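Next comes coords_26.json, with JSON, C-alpha atoms.
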```json
[["chain", "number", "residue", "atom", "x", "y", "z"],
["A", 1, "MET", "CA", 64.85, 2.55, -161.28],
["A", 2, "ALA", "CA", 65.95, -0.68, -162.98],
["A", 3, "GLU", "CA", 69.02, -0.74, -160.71],
["A", 4, "ALA", "CA", 66.77, -0.27, -157.69],
["A", 5, "ALA", "CA", 64.48, -3.11, -158.79],
["A", 6, "TRP", "CA", 67.44, -5.45, -159.17],
["A", 7, "THR", "CA", 69.28, -4.00, -156.18],
["A", 8, "GLU", "CA", 72.34, -4.26, -158.38],
["A", 9, "ARG", "CA", 74.17, -1.71, -160.46],
["A", 10, "PHE", "CA", 74.10, -1.69, -164.23],
["A", 11, "SER", "CA", 77.34, -3.30, -165.34],
["A", 12, "ASN", "CA", 78.80, -4.26, -168.69],
["A", 13, "PRO", "CA", 80.27, -6.87, -168.95],
["A", 14, "VAL", "CA", 78.01, -9.05, -166.80],
["A", 15, "LYS", "CA", 79.22, -11.80, -164.46],
["A", 16, "GLN", "CA", 77.40, -15.15, -164.29],
["A", 17, "GLY", "CA", 76.68, -15.40, -160.57],
["A", 18, "GLU", "CA", 79.36, -17.48, -158.86],
["A", 19, "SER", "CA", 80.43, -19.17, -162.06],
["A", 20, "ASP", "CA", 84.11, -19.44, -162.92],
["A", 21, "ARG", "CA", 83.30, -18.23, -166.42],
["A", 22, "PRO", "CA", 84.61, -14.76, -167.28],
["A", 23, "ALA", "CA", 82.26, -11.80, -167.40],
["A", 24, "GLU", "CA", 80.47, -11.49, -170.74],
["A", 25, "PRO", "CA", 79.89, -8.26, -172.70],
["A", 26, "LEU", "CA", 76.30, -7.35, -173.52],
["A", 27, "ASN", "CA", 75.20, -8.46, -176.99],
["A", 28, "ASN", "CA", 78.70, -9.70, -177.85],
["A", 29, "GLY", "CA", 80.23, -6.28, -177.44],
["A", 30, "GLU", "CA", 77.55, -4.24, -179.21],
["A", 31, "PHE", "CA", 77.27, -1.89, -176.22],
["A", 32, "ASP", "CA", 80.89, -1.73, -175.09],
["A", 33, "GLU", "CA", 80.79, 2.09, -174.82],
["A", 34, "PHE", "CA", 78.30, 1.77, -171.93],
["A", 35, "THR", "CA", 79.96, 0.18, -168.91],
["A", 36, "GLU", "CA", 77.95, 1.71, -166.04],
["A", 37, "ALA", "CA", 74.88, 3.87, -165.44],
["A", 38, "GLU", "CA", 77.02, 7.01, -165.44],
["A", 39, "SER", "CA", 77.85, 6.31, -169.10],
["A", 40, "ILE", "CA", 74.66, 8.20, -169.95],
["A", 41, "PHE", "CA", 76.56, 11.44, -169.26],
["A", 42, "GLY", "CA", 78.76, 10.71, -172.26],
["A", 43, "VAL", "CA", 75.78, 10.49, -174.60],
["A", 44, "GLY", "CA", 75.85, 13.28, -177.20],
["A", 45, "ASN", "CA", 72.67, 12.83, -179.25],
["A", 46, "HIS", "CA", 69.36, 11.00, -179.43],
["A", 47, "LEU", "CA", 70.83, 8.08, -181.35],
["A", 48, "GLN", "CA", 73.38, 7.38, -178.63],
["A", 49, "ALA", "CA", 70.64, 7.81, -176.02],
["A", 50, "GLN", "CA", 68.58, 5.14, -177.79],
["A", 51, "ALA", "CA", 71.64, 2.88, -177.86],
["A", 52, "PHE", "CA", 72.11, 3.36, -174.12],
["A", 53, "PHE", "CA", 68.46, 2.47, -173.54],
["A", 54, "ASP", "CA", 68.91, -0.66, -175.67],
["A", 55, "ALA", "CA", 71.98, -1.56, -173.58],
["A", 56, "LEU", "CA", 69.92, -1.17, -170.42],
["A", 57, "LYS", "CA", 67.22, -3.46, -171.82],
["A", 58, "ALA", "CA", 69.88, -6.01, -172.81],
["A", 59, "TRP", "CA", 71.31, -5.92, -169.27],
["A", 60, "ASP", "CA", 67.85, -6.28, -167.75],
["A", 61, "GLY", "CA", 67.09, -9.24, -170.01],
["A", 62, "THR", "CA", 70.46, -10.87, -169.30],
["A", 63, "LEU", "CA", 69.97, -10.74, -165.54],
["A", 64, "ARG", "CA", 66.73, -12.69, -165.95],
["A", 65, "LEU", "CA", 68.51, -15.68, -167.51],
["A", 66, "PRO", "CA", 69.00, -18.57, -165.05],
["A", 67, "PRO", "CA", 72.78, -18.91, -165.74],
["A", 68, "PHE", "CA", 73.28, -15.32, -164.64],
["A", 69, "ARG", "CA", 70.99, -14.82, -161.65],
["A", 70, "GLY", "CA", 68.69, -17.80, -161.34],
["A", 71, "SER", "CA", 64.99, -17.95, -162.08],
["A", 72, "HIS", "CA", 62.39, -15.88, -160.26],
["A", 73, "SER", "CA", 61.04, -17.43, -157.06],
["A", 74, "THR", "CA", 57.64, -16.57, -155.61],
["A", 75, "ASN", "CA", 58.66, -17.74, -152.12],
["A", 76, "THR", "CA", 58.10, -15.09, -149.45],
["A", 77, "TRP", "CA", 60.27, -15.30, -146.35],
["A", 78, "ASP", "CA", 60.08, -13.84, -142.91],
["A", 79, "ALA", "CA", 62.96, -11.35, -142.90],
["A", 80, "ASN", "CA", 64.58, -12.69, -139.74],
["A", 81, "SER", "CA", 63.56, -16.39, -140.01],
["A", 82, "PHE", "CA", 62.27, -16.45, -136.41],
["A", 83, "GLN", "CA", 58.49, -16.73, -136.69],
["A", 84, "GLY", "CA", 56.77, -15.13, -133.73],
["A", 85, "SER", "CA", 59.84, -13.02, -132.95],
["A", 86, "PRO", "CA", 59.43, -9.82, -134.97],
["A", 87, "ILE", "CA", 62.17, -7.21, -135.19],
["A", 88, "SER", "CA", 62.03, -5.10, -132.04],
["A", 89, "LEU", "CA", 62.70, -1.39, -132.37],
["A", 90, "ARG", "CA", 63.61, -1.18, -128.69],
["A", 91, "ARG", "CA", 65.79, -4.25, -128.37],
["A", 92, "ASP", "CA", 67.16, -4.96, -131.85],
["A", 93, "LEU", "CA", 67.53, -1.50, -133.36],
["A", 94, "PHE", "CA", 68.15, 0.73, -130.34],
["A", 95, "GLY", "CA", 70.11, -1.94, -128.45],
["A", 96, "LEU", "CA", 68.10, -1.70, -125.21],
["A", 97, "ILE", "CA", 68.48, -5.37, -124.34],
["A", 98, "ASP", "CA", 66.20, -6.98, -121.75],
["A", 99, "TYR", "CA", 67.78, -10.45, -121.80],
["A", 100, "ARG", "CA", 70.84, -11.70, -119.99],
["A", 101, "TYR", "CA", 73.00, -14.64, -120.95],
["A", 102, "ASP", "CA", 72.68, -17.70, -118.70],
["A", 103, "SER", "CA", 76.06, -19.37, -119.04],
["A", 104, "ASP", "CA", 74.90, -22.52, -117.23],
["A", 105, "ALA", "CA", 71.93, -23.10, -119.52],
["A", 106, "ASN", "CA", 73.78, -21.60, -122.51],
["A", 107, "VAL", "CA", 70.75, -19.49, -123.52],
["A", 108, "TYR", "CA", 69.41, -15.94, -123.23],
["A", 109, "VAL", "CA", 66.74, -15.52, -120.56],
["A", 110, "LYS", "CA", 64.46, -12.59, -119.86],
["A", 111, "ASP", "CA", 65.51, -10.47, -116.89],
["A", 112, "PRO", "CA", 62.56, -8.54, -115.37],
["A", 113, "ASP", "CA", 64.80, -5.81, -113.97],
["A", 114, "LEU", "CA", 66.61, -5.34, -117.30],
["A", 115, "GLU", "CA", 63.27, -5.28, -119.11],
["A", 116, "ARG", "CA", 61.89, -2.57, -116.81],
["A", 117, "ARG", "CA", 64.95, -0.38, -117.30],
["A", 118, "SER", "CA", 64.98, -1.07, -121.04],
["A", 119, "ILE", "CA", 61.36, 0.08, -121.41],
["A", 120, "GLN", "CA", 62.02, 3.19, -119.31],
["A", 121, "ARG", "CA", 64.96, 4.18, -121.50],
["A", 122, "PHE", "CA", 62.96, 3.46, -124.66],
["A", 123, "ARG", "CA", 60.13, 5.75, -123.53],
["A", 124, "ALA", "CA", 62.60, 8.47, -122.57],
["A", 125, "LEU", "CA", 64.26, 8.22, -125.98],
["A", 126, "LEU", "CA", 60.92, 8.52, -127.81],
["A", 127, "LEU", "CA", 59.74, 11.41, -125.61],
["A", 128, "ASP", "CA", 62.98, 13.27, -126.32],
["A", 129, "ARG", "CA", 62.54, 12.81, -130.08],
["A", 130, "ALA", "CA", 58.94, 13.96, -129.90],
["A", 131, "HIS", "CA", 59.94, 17.11, -127.99],
["A", 132, "GLN", "CA", 62.59, 17.96, -130.61],
["A", 133, "ASP", "CA", 60.22, 17.44, -133.57],
["A", 134, "PRO", "CA", 59.15, 20.81, -135.05],
["A", 135, "ALA", "CA", 55.81, 19.28, -136.02],
["A", 136, "ASN", "CA", 54.96, 19.09, -132.31],
["A", 137, "ARG", "CA", 55.76, 22.75, -131.58],
["A", 138, "THR", "CA", 52.20, 23.72, -130.60],
["A", 139, "GLU", "CA", 50.64, 20.31, -129.93],
["A", 140, "PHE", "CA", 51.64, 16.67, -130.08],
["A", 141, "LYS", "CA", 50.80, 15.48, -133.59],
["A", 142, "ARG", "CA", 53.13, 12.62, -134.34],
["A", 143, "LEU", "CA", 56.02, 10.45, -133.26],
["A", 144, "ARG", "CA", 58.83, 10.44, -135.84],
["A", 145, "ILE", "CA", 61.60, 7.84, -135.46],
["A", 146, "GLU", "CA", 64.66, 7.30, -137.63],
["A", 147, "PHE", "CA", 66.70, 4.10, -137.54],
["A", 148, "PRO", "CA", 69.00, 1.98, -139.70],
["A", 149, "LEU", "CA", 68.50, -1.53, -141.03],
["A", 150, "THR", "CA", 71.94, -2.36, -142.35],
["A", 151, "TYR", "CA", 73.71, -5.47, -143.57],
["A", 152, "ASN", "CA", 75.32, -7.56, -140.78],
["A", 153, "GLN", "CA", 73.29, -5.77, -138.08],
["A", 154, "VAL", "CA", 72.63, -8.22, -135.22],
["A", 155, "ARG", "CA", 69.84, -8.85, -132.74],
["A", 156, "VAL", "CA", 69.25, -10.95, -129.63],
["A", 157, "ILE", "CA", 66.75, -13.80, -129.89],
["A", 158, "PRO", "CA", 65.46, -15.55, -126.74],
["A", 159, "GLY", "CA", 66.80, -19.09, -126.55],
["A", 160, "GLN", "CA", 69.64, -18.46, -129.01],
["A", 161, "THR", "CA", 73.17, -18.87, -127.71],
["A", 162, "THR", "CA", 74.65, -16.12, -129.88],
["A", 163, "ASP", "CA", 73.64, -12.89, -131.53],
["A", 164, "VAL", "CA", 72.07, -13.44, -134.94],
["A", 165, "PRO", "CA", 71.87, -11.12, -137.97],
["A", 166, "LEU", "CA", 68.65, -9.24, -138.61],
["A", 167, "VAL", "CA", 68.37, -11.17, -141.87],
["A", 168, "GLN", "CA", 69.30, -14.83, -141.73],
["A", 169, "ARG", "CA", 70.97, -16.55, -144.62],
["A", 170, "ASN", "CA", 69.77, -20.01, -143.62],
["A", 171, "ARG", "CA", 66.07, -20.33, -144.36],
["A", 172, "PRO", "CA", 63.50, -22.32, -142.34],
["A", 173, "GLY", "CA", 63.75, -26.02, -143.15],
["A", 174, "GLY", "CA", 67.51, -25.90, -143.59],
["A", 175, "THR", "CA", 67.58, -24.37, -147.07],
["A", 176, "TRP", "CA", 70.35, -21.96, -147.98],
["A", 177, "ASP", "CA", 69.49, -18.85, -149.98],
["A", 178, "LEU", "CA", 71.60, -17.07, -152.57],
["A", 179, "PHE", "CA", 71.90, -14.07, -150.25],
["A", 180, "TRP", "CA", 71.41, -11.81, -153.23],
["A", 181, "ASN", "CA", 68.82, -9.19, -154.09],
["A", 182, "HIS", "CA", 66.83, -9.19, -150.86],
["A", 183, "ARG", "CA", 63.79, -6.95, -151.23],
["A", 184, "ILE", "CA", 60.87, -6.11, -148.97],
["A", 185, "THR", "CA", 57.48, -7.27, -150.22],
["A", 186, "GLU", "CA", 55.27, -6.87, -147.11],
["A", 187, "LEU", "CA", 55.36, -4.62, -144.05],
["A", 188, "GLY", "CA", 53.48, -4.63, -140.76],
["A", 189, "PHE", "CA", 53.80, -2.76, -137.46],
["A", 190, "LYS", "CA", 52.59, -3.26, -133.92],
["A", 191, "LEU", "CA", 52.65, -0.78, -131.02],
["A", 192, "VAL", "CA", 53.24, -2.79, -127.86],
["A", 193, "GLY", "CA", 51.82, -1.40, -124.63],
["A", 194, "THR", "CA", 48.63, -0.81, -122.68],
["A", 195, "ASN", "CA", 46.29, 2.13, -123.39],
["A", 196, "VAL", "CA", 48.71, 3.74, -125.86],
["A", 197, "PHE", "CA", 45.70, 5.44, -127.45],
["A", 198, "ALA", "CA", 42.41, 6.44, -125.88],
["A", 199, "ALA", "CA", 40.56, 4.32, -128.44],
["A", 200, "ARG", "CA", 42.01, 0.87, -129.11],
["A", 201, "VAL", "CA", 42.08, 1.11, -132.89],
["A", 202, "SER", "CA", 44.87, 0.78, -135.44],
["A", 203, "THR", "CA", 46.70, 3.99, -136.17],
["A", 204, "PRO", "CA", 48.06, 5.30, -139.50],
["A", 205, "VAL", "CA", 51.80, 5.40, -139.99],
["A", 206, "ALA", "CA", 54.16, 6.58, -142.72],
["A", 207, "PHE", "CA", 57.24, 4.49, -143.50],
["A", 208, "GLU", "CA", 59.87, 5.68, -145.97],
["A", 209, "LEU", "CA", 63.47, 5.13, -147.00],
["A", 210, "PHE", "CA", 65.61, 8.22, -147.17],
["A", 211, "GLY", "CA", 69.33, 7.68, -147.09],
["A", 212, "THR", "CA", 71.92, 5.25, -148.44],
["A", 213, "VAL", "CA", 70.75, 1.83, -149.58],
["A", 214, "GLN", "CA", 72.99, -1.21, -149.26],
["A", 215, "ARG", "CA", 72.84, -3.85, -151.97],
["A", 216, "ILE", "CA", 74.40, -7.29, -152.11],
["A", 217, "GLY", "CA", 75.43, -8.32, -155.61],
["A", 218, "TYR", "CA", 77.66, -10.64, -157.59],
["A", 219, "PHE", "CA", 80.30, -8.25, -158.81],
["A", 220, "PRO", "CA", 83.49, -9.56, -160.42],
["A", 221, "ASP", "CA", 86.74, -8.83, -158.61],
["A", 222, "SER", "CA", 88.44, -9.79, -161.83],
["A", 223, "LEU", "CA", 87.45, -11.50, -165.03],
["A", 224, "TYR", "CA", 87.63, -14.87, -163.30],
["A", 225, "THR", "CA", 86.34, -14.33, -159.75],
["A", 226, "ALA", "CA", 83.16, -13.02, -158.18],
["A", 227, "SER", "CA", 82.30, -12.08, -154.61],
["A", 228, "ARG", "CA", 79.21, -10.93, -152.76],
["A", 229, "THR", "CA", 80.19, -7.30, -152.77],
["A", 230, "ILE", "CA", 78.18, -4.83, -150.71],
["A", 231, "SER", "CA", 77.61, -1.70, -152.76],
["A", 232, "THR", "CA", 75.61, 1.39, -151.95],
["A", 233, "PHE", "CA", 73.49, 3.95, -153.72],
["A", 234, "GLN", "CA", 71.87, 7.06, -152.36],
["A", 235, "ILE", "CA", 68.18, 7.79, -152.65],
["A", 236, "PRO", "CA", 68.07, 10.16, -155.68],
["A", 237, "LEU", "CA", 69.10, 13.72, -154.97],
["A", 238, "TYR", "CA", 65.76, 15.10, -156.12],
["A", 239, "GLN", "CA", 64.07, 13.15, -153.31],
["A", 240, "ARG", "CA", 63.78, 15.21, -150.15],
["A", 241, "ASP", "CA", 63.30, 14.40, -146.51],
["A", 242, "PRO", "CA", 59.56, 13.76, -145.99],
["A", 243, "ASP", "CA", 59.29, 16.93, -143.89],
["A", 244, "GLN", "CA", 60.81, 19.04, -146.68],
["A", 245, "ARG", "CA", 58.78, 17.59, -149.53],
["A", 246, "THR", "CA", 55.79, 19.52, -150.80],
["A", 247, "VAL", "CA", 54.63, 17.81, -153.97],
["A", 248, "SER", "CA", 56.69, 14.76, -154.95],
["A", 249, "GLU", "CA", 55.84, 11.25, -153.88],
["A", 250, "PRO", "CA", 58.33, 9.22, -151.80],
["A", 251, "PHE", "CA", 60.87, 7.27, -153.85],
["A", 252, "PHE", "CA", 60.49, 4.28, -151.53],
["A", 253, "GLY", "CA", 57.69, 4.76, -149.08],
["A", 254, "ASP", "CA", 54.06, 4.44, -148.14],
["A", 255, "ARG", "CA", 51.65, 6.50, -146.07],
["A", 256, "SER", "CA", 48.74, 4.09, -146.06],
["A", 257, "LEU", "CA", 50.13, 1.62, -143.52],
["A", 258, "ARG", "CA", 48.30, 1.04, -140.28],
["A", 259, "ALA", "CA", 49.92, -0.21, -137.07],
["A", 260, "SER", "CA", 48.06, -2.65, -134.85],
["A", 261, "LEU", "CA", 47.70, -2.22, -131.09],
["A", 262, "GLY", "CA", 47.96, -4.73, -128.25],
["A", 263, "GLN", "CA", 46.53, -8.11, -129.20],
["A", 264, "GLN", "CA", 45.20, -7.01, -132.59],
["A", 265, "PRO", "CA", 46.42, -9.17, -135.48],
["A", 266, "VAL", "CA", 49.10, -7.51, -137.57],
["A", 267, "THR", "CA", 48.04, -6.60, -141.08],
["A", 268, "ARG", "CA", 50.88, -6.63, -143.60],
["A", 269, "LEU", "CA", 50.68, -4.25, -146.52],
["A", 270, "THR", "CA", 52.17, -5.28, -149.86],
["A", 271, "VAL", "CA", 54.90, -2.90, -151.02],
["A", 272, "PRO", "CA", 56.58, -2.81, -154.47],
["A", 273, "ASP", "CA", 59.91, -4.55, -153.80],
["A", 274, "TRP", "CA", 61.73, -2.03, -151.61],
["A", 275, "PRO", "CA", 65.42, -2.50, -150.82],
["A", 276, "LEU", "CA", 65.84, -4.21, -147.46],
["A", 277, "PHE", "CA", 68.98, -2.48, -146.19],
["A", 278, "CYS", "CA", 69.12, 1.29, -145.71],
["A", 279, "ASP", "CA", 70.89, 3.49, -143.16],
["A", 280, "ARG", "CA", 67.89, 5.80, -142.70],
["A", 281, "PHE", "CA", 64.35, 4.48, -142.41],
["A", 282, "ILE", "CA", 61.77, 7.01, -141.28],
["A", 283, "LEU", "CA", 58.72, 5.91, -139.31],
["A", 284, "ALA", "CA", 56.09, 8.55, -138.47],
["A", 285, "ILE", "CA", 53.12, 7.56, -136.28],
["A", 286, "ASP", "CA", 50.00, 9.72, -136.24],
["A", 287, "GLY", "CA", 49.41, 10.86, -132.65],
["A", 288, "GLN", "CA", 45.66, 11.25, -133.28],
["A", 289, "GLY", "CA", 45.59, 13.66, -130.36],
["A", 290, "THR", "CA", 45.49, 10.87, -127.79],
["A", 291, "MET", "CA", 48.81, 8.99, -128.10],
["A", 292, "ARG", "CA", 50.65, 8.42, -124.80],
["A", 293, "ILE", "CA", 54.30, 7.63, -125.43],
["A", 294, "GLU", "CA", 54.78, 6.90, -121.73],
["A", 295, "HIS", "CA", 52.63, 3.77, -122.24],
["A", 296, "LEU", "CA", 54.66, 2.40, -125.16],
["A", 297, "GLU", "CA", 56.79, -0.65, -124.41],
["A", 298, "ASP", "CA", 58.04, -1.45, -127.91],
["A", 299, "ILE", "CA", 57.39, -1.05, -131.63],
["A", 300, "GLU", "CA", 57.60, -4.27, -133.62],
["A", 301, "LEU", "CA", 58.39, -4.61, -137.32],
["A", 302, "TYR", "CA", 57.01, -7.49, -139.35],
["A", 303, "ILE", "CA", 58.92, -7.72, -142.64],
["A", 304, "SER", "CA", 58.46, -10.23, -145.45],
["A", 305, "MET", "CA", 60.92, -10.44, -148.31],
["A", 306, "GLN", "CA", 61.79, -12.22, -151.53],
["A", 307, "LEU", "CA", 65.18, -13.27, -152.87],
["A", 308, "GLY", "CA", 66.87, -13.67, -156.24],
["A", 309, "SER", "CA", 65.61, -12.52, -159.61],
["A", 310, "THR", "CA", 62.77, -10.01, -159.80],
["A", 311, "PRO", "CA", 59.48, -10.77, -161.60],
["A", 312, "SER", "CA", 59.49, -10.20, -165.31],
["A", 313, "HIS", "CA", 58.57, -6.68, -166.35],
["A", 314, "ALA", "CA", 59.23, -4.67, -169.46],
["A", 315, "LEU", "CA", 61.28, -1.49, -169.50],
["A", 316, "VAL", "CA", 59.15, 1.32, -170.87],
["A", 317, "GLU", "CA", 60.61, 4.04, -173.05],
["A", 318, "ILE", "CA", 59.62, 7.54, -171.91],
["A", 319, "PRO", "CA", 58.92, 9.90, -174.81],
["A", 320, "SER", "CA", 61.18, 12.95, -174.92]]
```
Structure re-expressed in structure tokens:
Amino acid sequence: MAEAAWTERFSNPVKQGESDRPAEPLNNGEFDEFTEAESIFGVGNHLQAQAFFDALKAWDGTLRLPPFRGSHSTNTWDANSFQGSPISLRRDLFGLIDYRYDSDANVYVKDPDLERRSIQRFRALLLDRAHQDPANRTEFKRLRIEFPLTYNQVRVIPGQTTDVPLVQRNRPGGTWDLFWNHRITELGFKLVGTNVFAARVSTPVAFELFGTVQRIGYFPDSLYTASRTISTFQIPLYQRDPDQRTVSEPFFGDRSLRASLGQQPVTRLTVPDWPLFCDRFILAIDGQGTMRIEHLEDIELYISMQLGSTPSHALVEIPS
């Protein structure tokens, strides 16, 4: 869980960001027998287990020091840096583009014919997924959609001359972020279309991560160099697909979100620092008995994030 909060693997020795200084062992070598999280499997008794826990606390404390990872920032960013242009499930994630490139003006422009065909294909895709969902065997209960949000994924933004990544490194105002430890802090959804539901009210949705998470860290290539390595970790094996779970809570997920409709303002729900990049996000929309997929034009994601060091929190020892 500490690794997930940092979106970086436990490592001993620890590298100081992009510094040229060599990686430093935790507590001057006191915990040299623990080099990675898997070192716990070499623990033989409760004393060694306590030592491993102390090493984990030392690593957690070290990463909070400014020379290693910078101080915590309370700044919240729009995930894609384009205010008013939320991430489009239809266009950005499923690649059903409705813009063409105007080489004379050197910009993307909306093409009504492409947009019509894009929406038709989007509806057909959603209808097909709904028909294949076992939950809808006797009646239409929900719309379940799976999609990836992965590092270096690109999208098309109106007025931009080139494709841009889903998550921009250059912040509004020209600032340049560390591009390390992105984490989701707020989520919002909007169902775009007319008369999608019989009653124009927000609808409950479930949004969970279940798959392989990508993390961007400062891992040393050698004792004297560091690079922004992309590493991965899988949602713990004891966590099941939401449809197969009976008792356990989602590892990263929430079922209390509500999606807005039409012109309703989007309400963003605060979430506890989820990883931003994962190859399998699961979105399940409650059909409420009146949902009409054939009226959906798009599903928009509004994602806020933070960067850099996580807020200070104490590791808690769990009694055996």
Using only C-alpha atoms, which protein or nucleic acid residues come within 6 Å of segment 182-199 of chain A? Drop anything in the same chain fewer than 4 positions from it, and give the result as an mmCIF file with C-alpha atoms, in the frame of the given file.
```cif
data_model
loop_
_atom_site.group_PDB
_atom_site.id
_atom_site.type_symbol
_atom_site.label_atom_id
_atom_site.label_comp_id
_atom_site.auth_asym_id
_atom_site.auth_seq_id
_atom_site.Cartn_x
_atom_site.Cartn_y
_atom_site.Cartn_z
ATOM 1 C CA ALA A 259 49.920 -0.210 -137.070
ATOM 2 C CA SER A 260 48.060 -2.650 -134.850
ATOM 3 C CA LEU A 261 47.700 -2.220 -131.090
ATOM 4 C CA GLY A 262 47.960 -4.730 -128.250
ATOM 5 C CA THR A 267 48.040 -6.600 -141.080
ATOM 6 C CA ARG A 268 50.880 -6.630 -143.600
ATOM 7 C CA LEU A 269 50.680 -4.250 -146.520
ATOM 8 C CA THR A 270 52.170 -5.280 -149.860
ATOM 9 C CA VAL A 271 54.900 -2.900 -151.020
ATOM 10 C CA ASP A 273 59.910 -4.550 -153.800
ATOM 11 C CA TRP A 274 61.730 -2.030 -151.610
ATOM 12 C CA PRO A 275 65.420 -2.500 -150.820
ATOM 13 C CA LEU A 276 65.840 -4.210 -147.460
ATOM 14 C CA THR A 290 45.490 10.870 -127.790
ATOM 15 C CA MET A 291 48.810 8.990 -128.100
ATOM 16 C CA ARG A 292 50.650 8.420 -124.800
ATOM 17 C CA HIS A 295 52.630 3.770 -122.240
ATOM 18 C CA LEU A 296 54.660 2.400 -125.160
ATOM 19 C CA GLU A 297 56.790 -0.650 -124.410
ATOM 20 C CA ASP A 298 58.040 -1.450 -127.910
ATOM 21 C CA ILE A 299 57.390 -1.050 -131.630
ATOM 22 C CA GLU A 300 57.600 -4.270 -133.620
ATOM 23 C CA LEU A 301 58.390 -4.610 -137.320
ATOM 24 C CA TYR A 302 57.010 -7.490 -139.350
ATOM 25 C CA ILE A 303 58.920 -7.720 -142.640
ATOM 26 C CA SER A 304 58.460 -10.230 -145.450
ATOM 27 C CA MET A 305 60.920 -10.440 -148.310
ATOM 28 C CA GLN A 306 61.790 -12.220 -151.530
ATOM 29 C CA LEU A 307 65.180 -13.270 -152.870
#
```
Point to revise | Separation of atom CA of Arg116 of chain A from atom CA of Leu89 of chain A in Å | key: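 It comes out at 15.6 Å.
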Study note, to complete from the structure: From atom CA of Ile119 of chain A to atom CA of Tyr99 of chain A the spacing works out at 12.3 Å
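In this structure, atom CA of Pro236 of chain A sits 14.0 Å away from atom CA of Gln214 of chain A.
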With all atoms of segment 96-110 of chain A from the file as input, state the centre and edge lengths in Å to one decimal of the axis-aligned box that has 5 Å extra on each side, as AutoDock Vina command-line options.
```
--center_x 70.3 --center_y -12.4 --center_z -121.2 --size_x 21.6 --size_y 31.4 --size_z 18.0
```
**Study point:** Which of A:Thr310, A:Gln153, A:Gln50, A:Asn12 sits closest to Thr35 of chain A [using only C-alpha atoms]
**Key:**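 Under the stated criterion, the closest residue is A:Asn12.
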Contacts of segment 267-295 of chain A with segment 238-243 of chain A up to 12 Å, shortest pair per row, all atoms listed in the file, as JSON lines:
```
{"residue": "A:Arg280", "atom": "CA", "partner": "A:Asp241", "partner_atom": "CA", "distance": 10.5}
{"residue": "A:Phe281", "atom": "CA", "partner": "A:Asp241", "partner_atom": "CA", "distance": 10.8}
{"residue": "A:Ile282", "atom": "CA", "partner": "A:Pro242", "partner_atom": "CA", "distance": 8.5}
{"residue": "A:Leu283", "atom": "CA", "partner": "A:Pro242", "partner_atom": "CA", "distance": 10.3}
{"residue": "A:Ala284", "atom": "CA", "partner": "A:Pro242", "partner_atom": "CA", "distance": 9.8}
```
Practice item. For Asn28 of chain A, please output as a list in words all residues within 12 Å (counting only C-alpha atoms; exclusion window: fewer than 6 positions along the same chain). Key: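 Using only C-alpha atoms, the neighbours found are Asn12, Pro13, Val14, Ala55, Ala58, Trp59 and Thr62 of chain A.
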Please, could you write that set of residues out with C-alpha atoms as a PDB file, in the coordinates of the input?
```pdb
ATOM      1  CA  ASN A  12      78.800  -4.260-168.690  1.00  0.00           C
ATOM      2  CA  PRO A  13      80.270  -6.870-168.950  1.00  0.00           C
ATOM      3  CA  VAL A  14      78.010  -9.050-166.800  1.00  0.00           C
ATOM      4  CA  ALA A  55      71.980  -1.560-173.580  1.00  0.00           C
ATOM      5  CA  ALA A  58      69.880  -6.010-172.810  1.00  0.00           C
ATOM      6  CA  TRP A  59      71.310  -5.920-169.270  1.00  0.00           C
ATOM      7  CA  THR A  62      70.460 -10.870-169.300  1.00  0.00           C
TER       8      THR A  62
END
```
Could you add whatever atoms are missing so that segment 184-192 of chain A carries N, CA and C atoms, then write the result as a PDB file, in the frame of the given file?
```pdb
ATOM      1  N   ILE A 184      62.057  -6.066-149.815  1.00  0.00           N
ATOM      2  CA  ILE A 184      60.870  -6.110-148.970  1.00  0.00           C
ATOM      3  C   ILE A 184      59.630  -6.213-149.844  1.00  0.00           C
ATOM      4  N   THR A 185      58.736  -7.132-149.485  1.00  0.00           N
ATOM      5  CA  THR A 185      57.480  -7.270-150.220  1.00  0.00           C
ATOM      6  C   THR A 185      56.265  -6.959-149.341  1.00  0.00           C
ATOM      7  N   GLU A 186      56.379  -7.137-148.026  1.00  0.00           N
ATOM      8  CA  GLU A 186      55.270  -6.870-147.110  1.00  0.00           C
ATOM      9  C   GLU A 186      55.791  -6.216-145.835  1.00  0.00           C
ATOM     10  N   LEU A 187      54.996  -5.311-145.286  1.00  0.00           N
ATOM     11  CA  LEU A 187      55.360  -4.620-144.050  1.00  0.00           C
ATOM     12  C   LEU A 187      54.187  -4.618-143.084  1.00  0.00           C
ATOM     13  N   GLY A 188      54.496  -4.756-141.798  1.00  0.00           N
ATOM     14  CA  GLY A 188      53.480  -4.630-140.760  1.00  0.00           C
ATOM     15  C   GLY A 188      54.106  -4.060-139.507  1.00  0.00           C
ATOM     16  N   PHE A 189      53.300  -3.382-138.685  1.00  0.00           N
ATOM     17  CA  PHE A 189      53.800  -2.760-137.460  1.00  0.00           C
ATOM     18  C   PHE A 189      52.843  -3.059-136.310  1.00  0.00           C
ATOM     19  N   LYS A 190      53.409  -3.136-135.116  1.00  0.00           N
ATOM     20  CA  LYS A 190      52.590  -3.260-133.920  1.00  0.00           C
ATOM     21  C   LYS A 190      53.159  -2.347-132.837  1.00  0.00           C
ATOM     22  N   LEU A 191      52.281  -1.600-132.176  1.00  0.00           N
ATOM     23  CA  LEU A 191      52.650  -0.780-131.020  1.00  0.00           C
ATOM     24  C   LEU A 191      52.343  -1.591-129.779  1.00  0.00           C
ATOM     25  N   VAL A 192      53.387  -1.945-129.041  1.00  0.00           N
ATOM     26  CA  VAL A 192      53.240  -2.790-127.860  1.00  0.00           C
ATOM     27  C   VAL A 192      53.083  -1.912-126.626  1.00  0.00           C
TER      28      VAL A 192
END
```
